[in-house]
Amino acid sequence: MIRDARVLRAGFVPREVEHRDAEVNHLSSVLEPITNGEPADTAIVTGPSGAGKTCISQFVTERLREEVLNVETTYVNCWRNYTRFRTLYQILDDLGATIDIHRQSTPHDELVDRLQQHDGPRTVVILDEVDQLEDPSIIYDLHSLPQFAIICIANKEEELFSRVDDRLVSRLRSSEHVRMDKYHDEQLYDILSARAKWGLDEDVITDDQLYRIADAAAGDARLTIGILRTAAGKADRENHERITDDILLDAAEDARAQIKQKSLDSLTPHQRVVYDIVREHGPVGPSEIHERYSEDVDDPRTKRTIRTYLSKMEQYNLLEAEGTSRDREYSLVDSAAASPMQ
DNA sequence: AGTCCACAGGAACCGTAGGGAT
DNA sequence: ATCCCTACGGTTCCTGTGGACT
């Protein structure tokens with residue numbers, strides 16, 4: 001049933017990117033100076049999740065590596081490496097310059113110095129989910145180093161700008177900005193059927209089923225491929241010859257649940273209690289949250305800390321907040337808002 | 001209009017943990 | 001074994017904002 005599992009994986013970068021020619025060309029042109037050994041501008045790539053931001057960034061840098069001998073690329077997921085240290089470490093690690101760096105006793109400034117002294121080939125740094133950085137000043141550090149070209153990937157440009165300081169905002173505003181929209185259902189179908197063609201045996205899934213996946217995912221390519229992967233895996237395990245409608249239905253729910261679980265797993269036990277309170281009692285204000293939380297838990301944290309938790313969970317798209325002041329209330333984000341599969 | 005109060009979020013500070021140096 | 005550094009999570013303190021109530 002599964003011919004090539006690689007093309008169904010989340011991080012797979014296809015040989016051809018569909019329906020993103022303009023964006024690919026735009027981003028390529030920003031990096032163009034590198035082909036002449038000159039420094040390139042910072043690029044900002046924004047768009048909703050599953051719009052192909054990560055995909056085209058990696059596609060473009062890989063193509064650049066094919067064209068130019070003397071260029072490195074490194075990819076950092078800032079959601080997983082949300083501290084300044086981890087991000088810097090990740091970059092240095094990819095450059096092979098971490099041998100004698102130790103977690104605690106090496107000051108952060110030295111990591112930046114280390115980057116500055118790096119006289120290897122020009123390097124394209126992809127900072128994915130850059131709006132999740134705790135301390136975005138690292139963008140500034142990298143920005144000032146001419147041997148590094150940066151691609152910043154974020155959901156919304158405002159959320160990125162609101163978190164960095166003014167001098168960086170003005171610099172970023174003048175950098176090239178690649179905006180991406182959700183895919184249309186037709187485009188999603190094309191992407192899916194290409195993956196199905198390479199990844200699955202023939203006649204494992206019908207066109208009609210592919211359309212339904214595309215329709216259910218509300219423009220999110222990553223989600224569609226996740227659904228396809230989950231469905232194919234399940235059909236394979238259960239020795240079906242083809243993907244049945246029942247399997248597809250389950251897969252759609254599983255794929256959504258997995259995405260959410262990934263965020264949920266990153267919460268501390270205290271944060272989890274707060275999340276559960278909002279889930280059970282929301283929409284609910286911060287005072288009530290803290291009250292209930294204090295009852296549920298030994299050794300409760302302060303209100304201030306709970307506020308930090310709440311805004312963190314808002315960033316992770318686990319919670320949403322309504323109101324700006326005393327009317328502030330938190331509730332769960334409605335993850336079933338995307339149309340369920342028929 | 002004026003006061004009050006819950007809220008957001010920045011800044012300074014603190015205790016702890018983990019690693020290096022001696 | 002001991003001391004020293006630093007990151008990190010948390011707290012305390014603070015300012016600014018804007019509903020709600022008088």
# chains A, B, ... in the order shown; residues from 1 in each chain; ligands from 1
call {"tool": "residues_around", "arguments": {"residues": "DT15 of chain C", "least_positions_apart": "6", "cutoff": "12 Å", "atoms": "only C-alpha atoms (C1' of nucleotides)", "output": "PDB file with N, CA and C atoms (P, O5', C5', C4', C3', O3' and C1' of nucleotides), in the first residue's frame"}}
result
ATOM      1  P    DA B   8      -4.919  39.573  32.130  1.00  0.00           P
ATOM      2  O5'  DA B   8      -3.967  40.706  31.523  1.00  0.00           O
ATOM      3  C5'  DA B   8      -4.419  41.497  30.447  1.00  0.00           C
ATOM      4  C4'  DA B   8      -3.272  42.295  29.880  1.00  0.00           C
ATOM      5  C3'  DA B   8      -2.023  41.467  29.580  1.00  0.00           C
ATOM      6  O3'  DA B   8      -1.490  41.884  28.341  1.00  0.00           O
ATOM      7  C1'  DA B   8      -1.506  43.166  31.166  1.00  0.00           C
ATOM      8  P    DG B   9      -0.392  41.027  27.629  1.00  0.00           P
ATOM      9  O5'  DG B   9       0.961  41.650  28.173  1.00  0.00           O
ATOM     10  C5'  DG B   9       1.219  43.032  27.958  1.00  0.00           C
ATOM     11  C4'  DG B   9       2.367  43.462  28.817  1.00  0.00           C
ATOM     12  C3'  DG B   9       3.587  42.515  28.788  1.00  0.00           C
ATOM     13  O3'  DG B   9       4.743  43.319  28.731  1.00  0.00           O
ATOM     14  C1'  DG B   9       3.022  42.981  30.965  1.00  0.00           C
ATOM     15  P    DG B  10       6.053  42.797  28.012  1.00  0.00           P
ATOM     16  O5'  DG B  10       7.132  43.828  28.562  1.00  0.00           O
ATOM     17  C5'  DG B  10       6.813  45.220  28.604  1.00  0.00           C
ATOM     18  C4'  DG B  10       7.607  45.894  29.696  1.00  0.00           C
ATOM     19  C3'  DG B  10       9.038  45.376  29.847  1.00  0.00           C
ATOM     20  O3'  DG B  10       9.919  46.473  30.031  1.00  0.00           O
ATOM     21  C1'  DG B  10       7.885  45.163  31.904  1.00  0.00           C
ATOM     22  P    DA B  11      11.485  46.191  30.131  1.00  0.00           P
ATOM     23  O5'  DA B  11      11.754  46.215  31.698  1.00  0.00           O
ATOM     24  C5'  DA B  11      11.337  47.350  32.456  1.00  0.00           C
ATOM     25  C4'  DA B  11      11.905  47.239  33.863  1.00  0.00           C
ATOM     26  C3'  DA B  11      13.301  46.612  33.919  1.00  0.00           C
ATOM     27  O3'  DA B  11      14.071  47.279  34.899  1.00  0.00           O
ATOM     28  C1'  DA B  11      11.801  45.311  35.189  1.00  0.00           C
TER      29       DA B  11
END
call {"tool": "residues_around", "arguments": {"residues": "DG15 of chain B", "least_positions_apart": "5", "cutoff": "12 Å", "atoms": "only C-alpha atoms (C1' of nucleotides)", "output": "MDAnalysis selection string"}}
result
chainID C and resid 8:11
call {"tool": "write_last_selection", "arguments": {"atoms": "C-alpha atoms (C1' of nucleotides)", "output": "mmCIF file, in the first residue's frame"}}
result
data_model
loop_
_atom_site.group_PDB
_atom_site.id
_atom_site.type_symbol
_atom_site.label_atom_id
_atom_site.label_comp_id
_atom_site.auth_asym_id
_atom_site.auth_seq_id
_atom_site.Cartn_x
_atom_site.Cartn_y
_atom_site.Cartn_z
ATOM 1 C "C1'" DC C 8 16.060 29.771 34.248
ATOM 2 C "C1'" DG C 9 11.670 29.792 36.544
ATOM 3 C "C1'" DG C 10 9.501 32.183 39.704
ATOM 4 C "C1'" DT C 11 8.243 36.340 42.645
#
call {"tool": "residues_around", "arguments": {"residues": "DT3 of chain B", "least_positions_apart": "4", "cutoff": "12 Å", "atoms": "only C-alpha atoms (C1' of nucleotides)", "output": "PyMOL selection string"}}
result
chain C and resi 20-22
call {"tool": "interface_residues", "arguments": {"of": "chain C", "to": "chain A", "cutoff": "7 Å", "atoms": "only C-alpha atoms (C1' of nucleotides)", "output": "list in words"}}
result
DC5, DT6, DA7, DG18 and DG19 of chain C
call {"tool": "atom_distance", "arguments": {"atom1": "atom CA of Leu332 of chain A", "atom2": "atom CA of Glu253 of chain A"}}
result
17.4 Å
call {"tool": "residues_around", "arguments": {"residues": "Glu129 of chain A", "least_positions_apart": "5", "cutoff": "12 Å", "atoms": "only C-alpha atoms (C1' of nucleotides)", "output": "compact mmCIF listing (two decimals) with C-alpha atoms, in the first residue's frame"}}
result
# COMPACT_ATOMS: atom_id res chain seq x y z
CA ILE A 44 10.27 37.61 6.43
CA VAL A 45 7.83 34.90 5.46
CA THR A 46 4.36 35.10 6.95
CA GLY A 47 1.14 33.18 6.51
CA PRO A 48 -1.27 30.87 8.34
CA SER A 49 -0.16 27.41 9.39
CA LYS A 53 6.16 28.74 4.69
CA THR A 54 8.63 26.20 5.98
CA TYR A 75 17.15 25.45 10.21
CA VAL A 76 16.02 26.29 13.73
CA ASN A 77 12.56 25.69 15.05
CA CYS A 78 12.16 28.47 17.59
CA TRP A 79 9.13 26.84 19.09
CA ARG A 80 11.26 23.97 20.30
CA ASN A 81 14.33 26.14 20.88
CA TYR A 82 12.58 29.07 22.44
CA THR A 87 18.59 28.94 19.31
CA GLU A 134 11.02 34.30 24.34
CA PRO A 136 13.57 37.98 19.96
CA ILE A 151 14.70 33.94 6.87
CA CYS A 152 12.18 34.67 9.60
CA ILE A 153 9.04 32.57 9.49
CA ALA A 154 6.02 33.66 11.49
CA ASN A 155 2.27 33.36 11.44
CA LYS A 156 1.46 37.03 11.62
CA GLU A 157 3.73 39.91 11.01
CA GLU A 159 2.77 39.39 16.36
CA LEU A 160 6.39 39.36 15.36
CA GLN A 315 0.65 32.17 21.88
CA TYR A 316 0.55 28.43 21.45
call {"tool": "select_by_dssp", "arguments": {"residues": "segment 66-199 of chain A", "states": "strand (DSSP E or B)", "output": "compact mmCIF listing (two decimals) with all heavy atoms, in the first residue's frame"}}
result
# COMPACT_ATOMS: atom_id res chain seq x y z
N VAL A 71 28.00 27.65 0.35
CA VAL A 71 26.93 28.19 1.17
C VAL A 71 26.40 27.11 2.10
O VAL A 71 26.29 25.95 1.73
CB VAL A 71 25.80 28.78 0.29
CG1 VAL A 71 25.14 27.71 -0.55
CG2 VAL A 71 24.78 29.50 1.14
N GLU A 72 26.13 27.51 3.34
CA GLU A 72 25.55 26.59 4.31
C GLU A 72 24.13 27.04 4.60
O GLU A 72 23.79 28.21 4.43
CB GLU A 72 26.34 26.63 5.62
CG GLU A 72 27.70 25.95 5.58
CD GLU A 72 27.56 24.45 5.41
OE1 GLU A 72 26.57 23.88 5.90
OE2 GLU A 72 28.44 23.85 4.76
N THR A 73 23.30 26.11 5.04
CA THR A 73 21.99 26.51 5.53
C THR A 73 21.76 25.82 6.86
O THR A 73 22.23 24.71 7.10
CB THR A 73 20.85 26.10 4.57
OG1 THR A 73 20.79 24.69 4.51
CG2 THR A 73 21.07 26.67 3.20
N THR A 74 21.05 26.51 7.72
CA THR A 74 20.66 25.86 8.96
C THR A 74 19.23 26.24 9.31
O THR A 74 18.77 27.34 9.02
CB THR A 74 21.63 26.21 10.13
OG1 THR A 74 20.88 26.37 11.31
CG2 THR A 74 22.38 27.47 9.84
N TYR A 75 18.56 25.29 9.89
CA TYR A 75 17.15 25.45 10.21
C TYR A 75 16.97 25.34 11.71
O TYR A 75 17.45 24.39 12.33
CB TYR A 75 16.35 24.35 9.50
CG TYR A 75 14.90 24.29 9.93
CD1 TYR A 75 13.95 25.07 9.30
CD2 TYR A 75 14.50 23.46 10.97
CE1 TYR A 75 12.62 25.02 9.70
CE2 TYR A 75 13.18 23.41 11.39
CZ TYR A 75 12.25 24.18 10.74
OH TYR A 75 10.94 24.16 11.14
N VAL A 76 16.31 26.33 12.30
CA VAL A 76 16.02 26.29 13.73
C VAL A 76 14.52 26.45 13.94
O VAL A 76 13.93 27.41 13.45
CB VAL A 76 16.74 27.41 14.50
CG1 VAL A 76 16.50 27.25 16.00
CG2 VAL A 76 18.22 27.40 14.22
N ASN A 77 13.95 25.52 14.65
CA ASN A 77 12.56 25.69 15.05
C ASN A 77 12.54 26.40 16.39
O ASN A 77 12.90 25.84 17.41
CB ASN A 77 11.88 24.33 15.16
CG ASN A 77 10.41 24.48 15.46
OD1 ASN A 77 10.02 25.32 16.26
ND2 ASN A 77 9.60 23.70 14.80
N ARG A 122 29.11 31.62 3.63
CA ARG A 122 27.87 32.32 3.99
C ARG A 122 26.81 31.31 4.39
O ARG A 122 26.75 30.22 3.84
CB ARG A 122 27.37 33.12 2.79
CG ARG A 122 28.24 34.29 2.53
CD ARG A 122 27.55 35.35 1.71
NE ARG A 122 28.52 36.40 1.42
CZ ARG A 122 28.80 37.36 2.29
NH1 ARG A 122 28.17 37.41 3.46
NH2 ARG A 122 29.69 38.27 1.99
N THR A 123 25.98 31.73 5.33
CA THR A 123 25.03 30.78 5.89
C THR A 123 23.63 31.40 5.89
O THR A 123 23.45 32.53 6.30
CB THR A 123 25.41 30.41 7.33
OG1 THR A 123 26.74 29.87 7.33
CG2 THR A 123 24.46 29.39 7.89
N VAL A 124 22.69 30.62 5.39
CA VAL A 124 21.30 31.04 5.48
C VAL A 124 20.70 30.40 6.72
O VAL A 124 20.72 29.18 6.87
CB VAL A 124 20.50 30.60 4.24
CG1 VAL A 124 19.06 31.09 4.35
CG2 VAL A 124 21.15 31.10 2.96
N VAL A 125 20.19 31.23 7.62
CA VAL A 125 19.57 30.73 8.84
C VAL A 125 18.07 30.85 8.71
O VAL A 125 17.53 31.95 8.54
CB VAL A 125 20.03 31.54 10.07
CG1 VAL A 125 19.40 30.97 11.33
CG2 VAL A 125 21.54 31.53 10.19
N ILE A 126 17.38 29.72 8.76
CA ILE A 126 15.93 29.75 8.76
C ILE A 126 15.45 29.70 10.20
O ILE A 126 15.71 28.74 10.92
CB ILE A 126 15.34 28.55 7.99
CG1 ILE A 126 15.84 28.54 6.55
CG2 ILE A 126 13.82 28.60 8.01
CD1 ILE A 126 15.40 27.32 5.76
N LEU A 127 14.81 30.77 10.64
CA LEU A 127 14.23 30.80 11.99
C LEU A 127 12.73 30.56 11.87
O LEU A 127 11.97 31.46 11.54
CB LEU A 127 14.50 32.15 12.66
CG LEU A 127 15.96 32.51 12.93
CD1 LEU A 127 16.06 33.91 13.49
CD2 LEU A 127 16.60 31.51 13.88
N ASP A 128 12.33 29.33 12.13
CA ASP A 128 10.93 28.97 11.97
C ASP A 128 10.17 29.29 13.26
O ASP A 128 10.71 29.16 14.34
CB ASP A 128 10.81 27.49 11.64
CG ASP A 128 9.49 27.17 10.95
OD1 ASP A 128 8.63 28.07 10.88
OD2 ASP A 128 9.34 26.03 10.49
N PHE A 148 25.59 36.08 7.69
CA PHE A 148 24.38 35.30 7.85
C PHE A 148 23.20 35.98 7.16
O PHE A 148 22.97 37.17 7.35
CB PHE A 148 24.05 35.10 9.32
CG PHE A 148 25.07 34.27 10.05
CD1 PHE A 148 26.11 34.87 10.73
CD2 PHE A 148 25.00 32.89 10.00
CE1 PHE A 148 27.06 34.10 11.38
CE2 PHE A 148 25.94 32.11 10.65
CZ PHE A 148 26.98 32.71 11.33
N ALA A 149 22.50 35.21 6.37
CA ALA A 149 21.24 35.68 5.81
C ALA A 149 20.13 35.01 6.61
O ALA A 149 20.21 33.82 6.91
CB ALA A 149 21.13 35.32 4.34
N ILE A 150 19.13 35.77 6.98
CA ILE A 150 18.09 35.23 7.84
C ILE A 150 16.76 35.15 7.11
O ILE A 150 16.36 36.10 6.42
CB ILE A 150 17.87 36.11 9.09
CG1 ILE A 150 19.21 36.62 9.62
CG2 ILE A 150 17.14 35.35 10.16
CD1 ILE A 150 19.03 37.72 10.62
N ILE A 151 16.09 34.04 7.29
CA ILE A 151 14.70 33.94 6.87
C ILE A 151 13.88 33.76 8.13
O ILE A 151 14.04 32.77 8.85
CB ILE A 151 14.47 32.73 5.93
CG1 ILE A 151 15.34 32.85 4.68
CG2 ILE A 151 13.01 32.61 5.56
CD1 ILE A 151 15.22 31.65 3.75
N CYS A 152 13.04 34.75 8.43
CA CYS A 152 12.18 34.67 9.60
C CYS A 152 10.80 34.17 9.18
O CYS A 152 10.17 34.77 8.33
CB CYS A 152 12.01 36.03 10.26
SG CYS A 152 13.48 36.66 11.03
N ILE A 153 10.36 33.10 9.80
CA ILE A 153 9.04 32.57 9.49
C ILE A 153 8.12 32.81 10.68
O ILE A 153 8.48 32.49 11.81
CB ILE A 153 9.10 31.07 9.18
CG1 ILE A 153 10.08 30.80 8.03
CG2 ILE A 153 7.73 30.52 8.86
CD1 ILE A 153 10.24 29.34 7.69
N ALA A 154 6.96 33.39 10.41
CA ALA A 154 6.02 33.66 11.49
C ALA A 154 4.60 33.59 10.96
O ALA A 154 4.38 33.69 9.75
CB ALA A 154 6.26 35.04 12.09
N GLU A 176 12.68 42.32 2.99
CA GLU A 176 11.72 41.77 2.04
C GLU A 176 10.70 40.90 2.75
O GLU A 176 11.04 40.11 3.64
CB GLU A 176 12.46 40.96 0.98
CG GLU A 176 13.17 41.80 -0.04
CD GLU A 176 12.21 42.64 -0.86
OE1 GLU A 176 11.11 42.13 -1.18
OE2 GLU A 176 12.55 43.79 -1.18
N HIS A 177 9.48 41.02 2.32
CA HIS A 177 8.40 40.35 3.01
C HIS A 177 7.62 39.46 2.05
O HIS A 177 7.04 39.95 1.09
CB HIS A 177 7.47 41.41 3.62
CG HIS A 177 6.53 40.86 4.63
ND1 HIS A 177 6.01 41.58 5.65
CD2 HIS A 177 6.04 39.62 4.77
CE1 HIS A 177 5.22 40.83 6.38
NE2 HIS A 177 5.23 39.62 5.85
N VAL A 178 7.66 38.17 2.30
CA VAL A 178 6.92 37.24 1.47
C VAL A 178 5.66 36.83 2.21
O VAL A 178 5.72 36.22 3.28
CB VAL A 178 7.76 35.98 1.15
CG1 VAL A 178 6.96 35.01 0.29
CG2 VAL A 178 9.06 36.36 0.47
N ARG A 179 4.51 37.21 1.67
CA ARG A 179 3.25 36.88 2.34
C ARG A 179 2.60 35.70 1.65
O ARG A 179 2.55 35.64 0.42
CB ARG A 179 2.29 38.07 2.30
CG ARG A 179 2.76 39.23 3.14
CD ARG A 179 1.73 40.35 3.14
NE ARG A 179 2.15 41.43 4.01
CZ ARG A 179 3.03 42.37 3.65
NH1 ARG A 179 3.59 42.33 2.45
NH2 ARG A 179 3.36 43.33 4.51
call {"tool": "decode", "arguments": {"residues": "chain B", "atoms": "N, CA and C atoms (P, O5', C5', C4', C3', O3' and C1' of nucleotides)", "output": "mmCIF file, in the first residue's frame"}}
result
data_model
loop_
_atom_site.group_PDB
_atom_site.id
_atom_site.type_symbol
_atom_site.label_atom_id
_atom_site.label_comp_id
_atom_site.auth_asym_id
_atom_site.auth_seq_id
_atom_site.Cartn_x
_atom_site.Cartn_y
_atom_site.Cartn_z
ATOM 1 P P DA B 1 -16.942 64.634 31.352
ATOM 2 O "O5'" DA B 1 -16.288 64.782 32.790
ATOM 3 C "C5'" DA B 1 -16.603 65.923 33.570
ATOM 4 C "C4'" DA B 1 -16.251 65.633 34.998
ATOM 5 C "C3'" DA B 1 -14.802 65.213 35.225
ATOM 6 O "O3'" DA B 1 -14.366 65.790 36.451
ATOM 7 C "C1'" DA B 1 -16.239 63.467 35.919
ATOM 8 P P DG B 2 -12.867 65.602 36.905
ATOM 9 O "O5'" DG B 2 -13.009 64.420 37.966
ATOM 10 C "C5'" DG B 2 -13.941 64.580 39.037
ATOM 11 C "C4'" DG B 2 -13.889 63.342 39.905
ATOM 12 C "C3'" DG B 2 -12.475 62.792 40.122
ATOM 13 O "O3'" DG B 2 -12.338 62.460 41.505
ATOM 14 C "C1'" DG B 2 -13.880 61.100 39.253
ATOM 15 P P DT B 3 -10.961 62.028 42.107
ATOM 16 O "O5'" DT B 3 -11.292 60.516 42.504
ATOM 17 C "C5'" DT B 3 -12.487 60.239 43.227
ATOM 18 C "C4'" DT B 3 -12.708 58.750 43.255
ATOM 19 C "C3'" DT B 3 -11.454 57.943 43.584
ATOM 20 O "O3'" DT B 3 -11.706 57.118 44.714
ATOM 21 C "C1'" DT B 3 -12.576 57.062 41.674
ATOM 22 P P DC B 4 -10.580 56.196 45.356
ATOM 23 O "O5'" DC B 4 -11.016 54.777 44.774
ATOM 24 C "C5'" DC B 4 -12.404 54.447 44.729
ATOM 25 C "C4'" DC B 4 -12.578 53.103 44.058
ATOM 26 C "C3'" DC B 4 -11.445 52.117 44.365
ATOM 27 O "O3'" DC B 4 -12.017 50.874 44.725
ATOM 28 C "C1'" DC B 4 -11.751 52.320 42.018
ATOM 29 P P DC B 5 -11.149 49.781 45.494
ATOM 30 O "O5'" DC B 5 -10.951 48.683 44.361
ATOM 31 C "C5'" DC B 5 -12.087 48.235 43.623
ATOM 32 C "C4'" DC B 5 -11.616 47.560 42.361
ATOM 33 C "C3'" DC B 5 -10.418 46.627 42.571
ATOM 34 O "O3'" DC B 5 -10.687 45.406 41.941
ATOM 35 C "C1'" DC B 5 -10.018 48.084 40.769
ATOM 36 P P DA B 6 -10.054 44.082 42.512
ATOM 37 O "O5'" DA B 6 -9.893 43.256 41.162
ATOM 38 C "C5'" DA B 6 -11.027 43.058 40.329
ATOM 39 C "C4'" DA B 6 -10.582 42.960 38.888
ATOM 40 C "C3'" DA B 6 -9.480 41.935 38.647
ATOM 41 O "O3'" DA B 6 -9.833 41.161 37.519
ATOM 42 C "C1'" DA B 6 -8.813 44.062 37.830
ATOM 43 P P DC B 7 -9.013 39.884 37.160
ATOM 44 O "O5'" DC B 7 -8.004 40.423 36.061
ATOM 45 C "C5'" DC B 7 -8.530 40.948 34.846
ATOM 46 C "C4'" DC B 7 -7.471 41.713 34.123
ATOM 47 C "C3'" DC B 7 -6.159 40.960 33.920
ATOM 48 O "O3'" DC B 7 -6.154 40.367 32.629
ATOM 49 C "C1'" DC B 7 -5.876 43.306 34.361
ATOM 50 P P DA B 8 -4.919 39.573 32.130
ATOM 51 O "O5'" DA B 8 -3.967 40.706 31.523
ATOM 52 C "C5'" DA B 8 -4.419 41.497 30.447
ATOM 53 C "C4'" DA B 8 -3.272 42.295 29.880
ATOM 54 C "C3'" DA B 8 -2.023 41.467 29.580
ATOM 55 O "O3'" DA B 8 -1.490 41.884 28.341
ATOM 56 C "C1'" DA B 8 -1.506 43.166 31.166
ATOM 57 P P DG B 9 -0.392 41.027 27.629
ATOM 58 O "O5'" DG B 9 0.961 41.650 28.173
ATOM 59 C "C5'" DG B 9 1.219 43.032 27.958
ATOM 60 C "C4'" DG B 9 2.367 43.462 28.817
ATOM 61 C "C3'" DG B 9 3.587 42.515 28.788
ATOM 62 O "O3'" DG B 9 4.743 43.319 28.731
ATOM 63 C "C1'" DG B 9 3.022 42.981 30.965
ATOM 64 P P DG B 10 6.053 42.797 28.012
ATOM 65 O "O5'" DG B 10 7.132 43.828 28.562
ATOM 66 C "C5'" DG B 10 6.813 45.220 28.604
ATOM 67 C "C4'" DG B 10 7.607 45.894 29.696
ATOM 68 C "C3'" DG B 10 9.038 45.376 29.847
ATOM 69 O "O3'" DG B 10 9.919 46.473 30.031
ATOM 70 C "C1'" DG B 10 7.885 45.163 31.904
ATOM 71 P P DA B 11 11.485 46.191 30.131
ATOM 72 O "O5'" DA B 11 11.754 46.215 31.698
ATOM 73 C "C5'" DA B 11 11.337 47.350 32.456
ATOM 74 C "C4'" DA B 11 11.905 47.239 33.863
ATOM 75 C "C3'" DA B 11 13.301 46.612 33.919
ATOM 76 O "O3'" DA B 11 14.071 47.279 34.899
ATOM 77 C "C1'" DA B 11 11.801 45.311 35.189
ATOM 78 P P DA B 12 15.626 46.911 35.029
ATOM 79 O "O5'" DA B 12 15.780 46.710 36.604
ATOM 80 C "C5'" DA B 12 14.802 47.223 37.497
ATOM 81 C "C4'" DA B 12 14.771 46.354 38.736
ATOM 82 C "C3'" DA B 12 16.105 45.691 39.083
ATOM 83 O "O3'" DA B 12 16.341 45.840 40.471
ATOM 84 C "C1'" DA B 12 14.408 44.052 38.925
ATOM 85 P P DC B 13 17.713 45.325 41.126
ATOM 86 O "O5'" DC B 13 17.234 43.992 41.838
ATOM 87 C "C5'" DC B 13 16.038 44.019 42.609
ATOM 88 C "C4'" DC B 13 15.649 42.607 42.947
ATOM 89 C "C3'" DC B 13 16.817 41.729 43.418
ATOM 90 O "O3'" DC B 13 16.579 41.304 44.734
ATOM 91 C "C1'" DC B 13 15.409 40.595 41.876
ATOM 92 P P DC B 14 17.717 40.535 45.551
ATOM 93 O "O5'" DC B 14 17.156 39.062 45.578
ATOM 94 C "C5'" DC B 14 15.779 38.821 45.884
ATOM 95 C "C4'" DC B 14 15.527 37.334 45.814
ATOM 96 C "C3'" DC B 14 16.734 36.509 46.256
ATOM 97 O "O3'" DC B 14 16.311 35.526 47.173
ATOM 98 C "C1'" DC B 14 16.003 35.847 44.083
ATOM 99 P P DG B 15 17.381 34.634 47.987
ATOM 100 O "O5'" DG B 15 17.030 33.175 47.422
ATOM 101 C "C5'" DG B 15 15.661 32.784 47.274
ATOM 102 C "C4'" DG B 15 15.606 31.413 46.647
ATOM 103 C "C3'" DG B 15 16.701 30.459 47.113
ATOM 104 O "O3'" DG B 15 16.126 29.162 47.231
ATOM 105 C "C1'" DG B 15 16.937 30.856 44.775
ATOM 106 P P DT B 16 17.023 27.890 47.568
ATOM 107 O "O5'" DT B 16 17.216 27.232 46.136
ATOM 108 C "C5'" DT B 16 16.087 27.087 45.277
ATOM 109 C "C4'" DT B 16 16.526 26.461 43.966
ATOM 110 C "C3'" DT B 16 17.564 25.351 44.134
ATOM 111 O "O3'" DT B 16 17.116 24.221 43.417
ATOM 112 C "C1'" DT B 16 18.296 26.938 42.537
ATOM 113 P P DA B 17 17.895 22.847 43.500
ATOM 114 O "O5'" DA B 17 18.505 22.726 42.027
ATOM 115 C "C5'" DA B 17 17.682 22.969 40.894
ATOM 116 C "C4'" DA B 17 18.538 22.898 39.643
ATOM 117 C "C3'" DA B 17 19.551 21.755 39.645
ATOM 118 O "O3'" DA B 17 19.636 21.227 38.337
ATOM 119 C "C1'" DA B 17 20.679 23.816 39.434
ATOM 120 P P DG B 18 20.283 19.795 38.119
ATOM 121 O "O5'" DG B 18 21.487 20.130 37.149
ATOM 122 C "C5'" DG B 18 21.251 20.947 36.015
ATOM 123 C "C4'" DG B 18 22.565 21.547 35.585
ATOM 124 C "C3'" DG B 18 23.730 20.536 35.595
ATOM 125 O "O3'" DG B 18 24.450 20.704 34.407
ATOM 126 C "C1'" DG B 18 24.311 22.449 36.788
ATOM 127 P P DG B 19 25.056 19.437 33.682
ATOM 128 O "O5'" DG B 19 26.567 19.876 33.468
ATOM 129 C "C5'" DG B 19 26.846 20.853 32.482
ATOM 130 C "C4'" DG B 19 27.860 21.822 33.007
ATOM 131 C "C3'" DG B 19 29.238 21.221 33.255
ATOM 132 O "O3'" DG B 19 30.086 21.503 32.138
ATOM 133 C "C1'" DG B 19 28.603 22.858 34.871
ATOM 134 P P DG B 20 31.579 20.985 32.160
ATOM 135 O "O5'" DG B 20 32.353 22.234 32.780
ATOM 136 C "C5'" DG B 20 32.263 23.483 32.121
ATOM 137 C "C4'" DG B 20 33.207 24.485 32.728
ATOM 138 C "C3'" DG B 20 34.658 24.026 32.839
ATOM 139 O "O3'" DG B 20 35.510 25.127 32.548
ATOM 140 C "C1'" DG B 20 33.794 24.481 35.004
ATOM 141 P P DA B 21 37.067 24.937 32.541
ATOM 142 O "O5'" DA B 21 37.448 25.483 33.993
ATOM 143 C "C5'" DA B 21 37.194 26.849 34.294
ATOM 144 C "C4'" DA B 21 37.794 27.188 35.647
ATOM 145 C "C3'" DA B 21 39.246 26.744 35.824
ATOM 146 O "O3'" DA B 21 39.950 27.781 36.478
ATOM 147 C "C1'" DA B 21 37.893 25.777 37.523
ATOM 148 P P DT B 22 41.536 27.656 36.706
ATOM 149 O "O5'" DT B 22 41.645 27.275 38.235
ATOM 150 C "C5'" DT B 22 40.813 27.956 39.189
ATOM 151 C "C4'" DT B 22 41.036 27.326 40.554
ATOM 152 C "C3'" DT B 22 42.436 26.748 40.745
ATOM 153 O "O3'" DT B 22 43.043 27.319 41.889
ATOM 154 C "C1'" DT B 22 40.783 25.201 41.414
#
